[in-house]
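K.L.:
Have a look at this one.
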Amino acid sequence: MNLDTQSLQPIINFIWTVADDVLINKYLENQYQDVILPMTVLRRLDLALEPTKDKVLKTHNEFKGKIDNLSGLLTSKEHGSGLAFYNTSPYTMKKLLADPKNIDANFLDYLNGFSENVQDIISKFKFRNQLETFENTGITFSLIEKFCSPKVELSPDKISPMAMGYMFEDLIRRFNEKTNAAAGRHFTPREIIELMTHLVYLPVKDKIQQGTFLVYDPCAGSGAMLTQSKRYATNPDGEIKSNATFHLYGQENTGEMYATCKSDMLLKSEDPDKIKFGSTLSEYGFDPDLKFNFMLTNPPYGTSWKEDIAKLNVGSGNKVSIVDSRFNLPIKNFKGELEETCLNSRSNDGQLMFMLHMLSKMKDPKDGGSRIASVHNGSALFTGDAGSSESGIRQYILENDLLECIIQLPNDIFYNTGIATYIWLLSNVKDEKRKGKVQLINASSDSFYKKMHKPIGDKSNELTTQHMESIQKLYFDFEDNDHSKIFPNEEFGYYKITVNQPERDENGHIILDTKGKPKADKELKDSENVPMQENIQEYFAREVLPFTPDAWYDKKKMKVGFEIPFSKYFYQHRNLRSLEEIASDILKLEQETDGLLQEIID
């Protein structure tokens with residue numbers, strides 16, 4: 001039986017109450033997750049190993065000391081767990097409860113019995129740091145007893161991996177809300193992941209029926225993007241029904257999320273070594289030459305990446321240069337010449353750096369190319385003036401014709417943010433009809449979502465299957481209409497020119513420089529953004545000279561800029577109310593309140 005997310009709520013609520021029942025007055029509120037999350041994961045692993053416990057112990061006792069590496073035997077179906085992990089301790093969590101007097105020593109023995117890949121999970125949770133507190137406060141028995149309760153149904157046979165991922169994320173979301181932590185992390189609702197996987201795989205459905213494909217998430221979180229995308233592509237009852245092999249790769253720099261993701265990979269019989277720990281931007285965990293067919297992610301936005309800059313930076317002061325081919329890319333200057341440029345975004349928001357990282361991991365189009373789906377906030381669309389790194393990143397993407405589509409999602413769709421969010425779809429193997437073009441889809445109106453009966457955190461809206469199908473149809477139809485707009489790549493580029501006006505003396509005469517040319521007045525200096533598709537001189541003659549006939553611009557100091565002003569293209573003009581309507585309403589209000597002041601005075 002696979003439980004859906006609604007039926008998981010009682011289990012999540014019960015786990016949540018463990019903190020109040022067992023940890024209260026023993027731990028601070030901001031420390032609860034240091035106990036609850038690893039205990040949830042360990043109980044999940046414990047239940048998965050229970051059916052083969054006797055077989056594993058028998059094999060371990062029989063061959064211990066006779067074979068150097070028992071891992072192969074202890075994970076085999078014939079002699080071991082049949083999973084990618086095992087535990088050679090004589091204890092299970094339930095068996096620990098049979099000896100309350102020695103439970104602390106036995107619990108340590110139980111933890112030490114796990115295979116090396118689980119030891120990594122325990123280590124990233126820093127769970128052994130809690131054992132002394134457990135023993136000193138005497139809560140070990142009560143804690144284990146709670147997690148062995150029938151009310152905490154965590155068995156892989158009863159709860160699907162996808163539902164388990166939801167549980168982990170919901171618990172972490174609650175902890176973050178309680179402590180106001182991890183503001184830049186926005187766990188992705190399952191329907192958004194579903195929409196992303198559809199848009200990544202469906203366009204190449206016929207090309208992924210056989211073979212081997214690599215899927216990657218550089219901000220893996222609980223691993224939901226990876227596992228759900230594979231499930232969608234390979235589901236025998238699904239839309240694609242692929243028989244291909246999909247290998248899942250991910251990296252995560254938060255200890256508890258990494259541990260959660262890796263534990264889930266173990267239970268799904270995925271390769272846990274393909275999940276790496278550390279910051280993707282400065283401590284990339286895989287071979288630099290490894291490329292991926294599909295990439296899906298929801299990077300942290302509005303979050304500092306100063307530590308990464310410090311590790312990558314070889315410059316000083318305001319001149320930061322990064323010696324990393326991922327972030328040094330050729331973009332055109334105002335003369336149309338390619339220049340190698342260090343593209344490092346503002347230190348307080350690294351979301352576009354993850355985009356550059358993924359672009360560097362795209363397979364060559366000759367080898368099938370790559371498709372990317374990435375969630376961003378509005379900052380990625382327009383933050384950064386001409387010449388800035390953010391503008392340069394957008395420029396690189398558009399000049400290389402990598403952007404297929406951007407979809408604006410409804411507000412209040414994520415658990416801990418109500419701001420506008422966008423799915424970017426990129427590919428280096430575009431269909432002919434999409435080459436040189438970008439599609440913008442506005443799916444933010446109420447025709448693309450429904451209100452939830454009960455909000456979860458900031459999430460009060462959700463997409464139904466029908467809504468997702470409507471968005472997919474807009475994408476595949478590739479037509480101009482009220483919700484879909486199509487533009488050439490150059491639409492989003494512009495030249496920033498500095499407009500100068502002459503400096504004048506007290507008599508109003510123009511001051512000349514040593515070369516006899518008018519001297520520019522710094523106080524009157526201004527700038528204009530000239531659309532890339534326009535002729536600069538014609539624009540200047542039309543938009544500037546009629547108002548400042550003496551103005552000029554320096555052709556040697558122009559800058560190239562790129563932005564995607566999404567709202568501009570979907571703005572709907574609303575006529576102002578007439579004066580008669582306004583006057584009528586004022587009169588009605590006056591009549592309604594007539595005598596009210598007198599009543600108050602009396």
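Residues in the structure tokens are numbered from 1 in each chain, the chains being A, B, ... in the order shown, and ligands are numbered from 1 in the order shown.
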Using DSSP secondary structure from the backbone, list all helix (DSSP H, G or I) positions within segment 50-120 of chain A, as an NGL selection string.

P.N.:
:A and (50-63 or 71-75 or 93-96 or 100-112 or 116-120)

K.L.:
Using only C-alpha atoms, please write the residues we just selected to a file, as a short mmCIF file (atom, residue, chain, number, x, y, z; two decimals), in the first residue's frame.

P.N.:
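Result saved to result_29.cif:
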```
data_model
loop_
_atom_site.label_atom_id
_atom_site.label_comp_id
_atom_site.auth_asym_id
_atom_site.auth_seq_id
_atom_site.Cartn_x
_atom_site.Cartn_y
_atom_site.Cartn_z
CA GLU A 50 14.08 -6.34 9.44
CA PRO A 51 12.93 -9.15 7.08
CA THR A 52 16.51 -10.23 6.28
CA LYS A 53 18.05 -9.61 9.70
CA ASP A 54 18.61 -13.28 10.58
CA LYS A 55 20.08 -14.05 7.15
CA VAL A 56 22.55 -11.16 7.41
CA LEU A 57 23.67 -12.17 10.91
CA LYS A 58 24.13 -15.80 9.85
CA THR A 59 26.28 -14.81 6.85
CA HIS A 60 28.27 -12.32 8.91
CA ASN A 61 29.00 -14.81 11.70
CA GLU A 62 29.89 -17.56 9.25
CA PHE A 63 32.32 -15.62 7.06
CA SER A 71 29.94 -6.24 1.62
CA GLY A 72 29.18 -8.22 -1.53
CA LEU A 73 27.79 -11.15 0.44
CA LEU A 74 25.92 -9.03 2.97
CA THR A 75 24.11 -7.06 0.27
CA MET A 93 15.25 -0.90 17.15
CA LYS A 94 12.51 -3.10 18.60
CA LYS A 95 15.03 -5.50 20.12
CA LEU A 96 16.77 -2.59 21.82
CA PRO A 100 16.15 -0.89 28.94
CA LYS A 101 19.02 -1.02 31.44
CA ASN A 102 21.71 -1.29 28.75
CA ILE A 103 19.90 0.59 26.00
CA ASP A 104 22.53 3.34 25.58
CA ALA A 105 25.44 0.92 25.06
CA ASN A 106 23.31 -1.33 22.86
CA PHE A 107 22.11 1.60 20.78
CA LEU A 108 25.72 2.56 20.06
CA ASP A 109 26.42 -1.06 19.09
CA TYR A 110 23.39 -0.94 16.80
CA LEU A 111 24.63 2.24 15.07
CA ASN A 112 28.14 0.81 14.68
CA GLU A 116 29.87 2.10 5.56
CA ASN A 117 27.41 3.93 3.31
CA VAL A 118 24.98 4.33 6.23
CA GLN A 119 27.85 5.42 8.49
CA ASP A 120 28.29 8.35 6.11
#
```

K.L.:
For Ile407 of chain A, work out the shell of residues within 8 Å, counting only C-alpha atoms and skipping chain neighbours fewer than 4 positions away, then give it as a count of residues only.

P.N.:
7

K.L.:
Would you mind telling me which residue in A:Ser123, A:Asn328, A:Ser7, A:Thr137 lies nearest to Met353 of chain A when using only C-alpha atoms?

P.N.:
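Once distances to Met353 of chain A are computed over only C-alpha atoms, the minimum belongs to A:Asn328.
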
K.L.:
Interatomic distance between atom CA of Lys556 of chain A and atom CA of Leu398 of chain A?

P.N.:
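Atom CA of Lys556 of chain A sits 23.8 Å away from atom CA of Leu398 of chain A.
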
K.L.:
Let's see if you can do this: from backbone DSSP, list all strand (DSSP E or B) residues in segment 302-399 of chain A, as number ranges by chain.

P.N.:
A: 313, 316, 319, 322, 328-332, 338-342, 362, 371-377
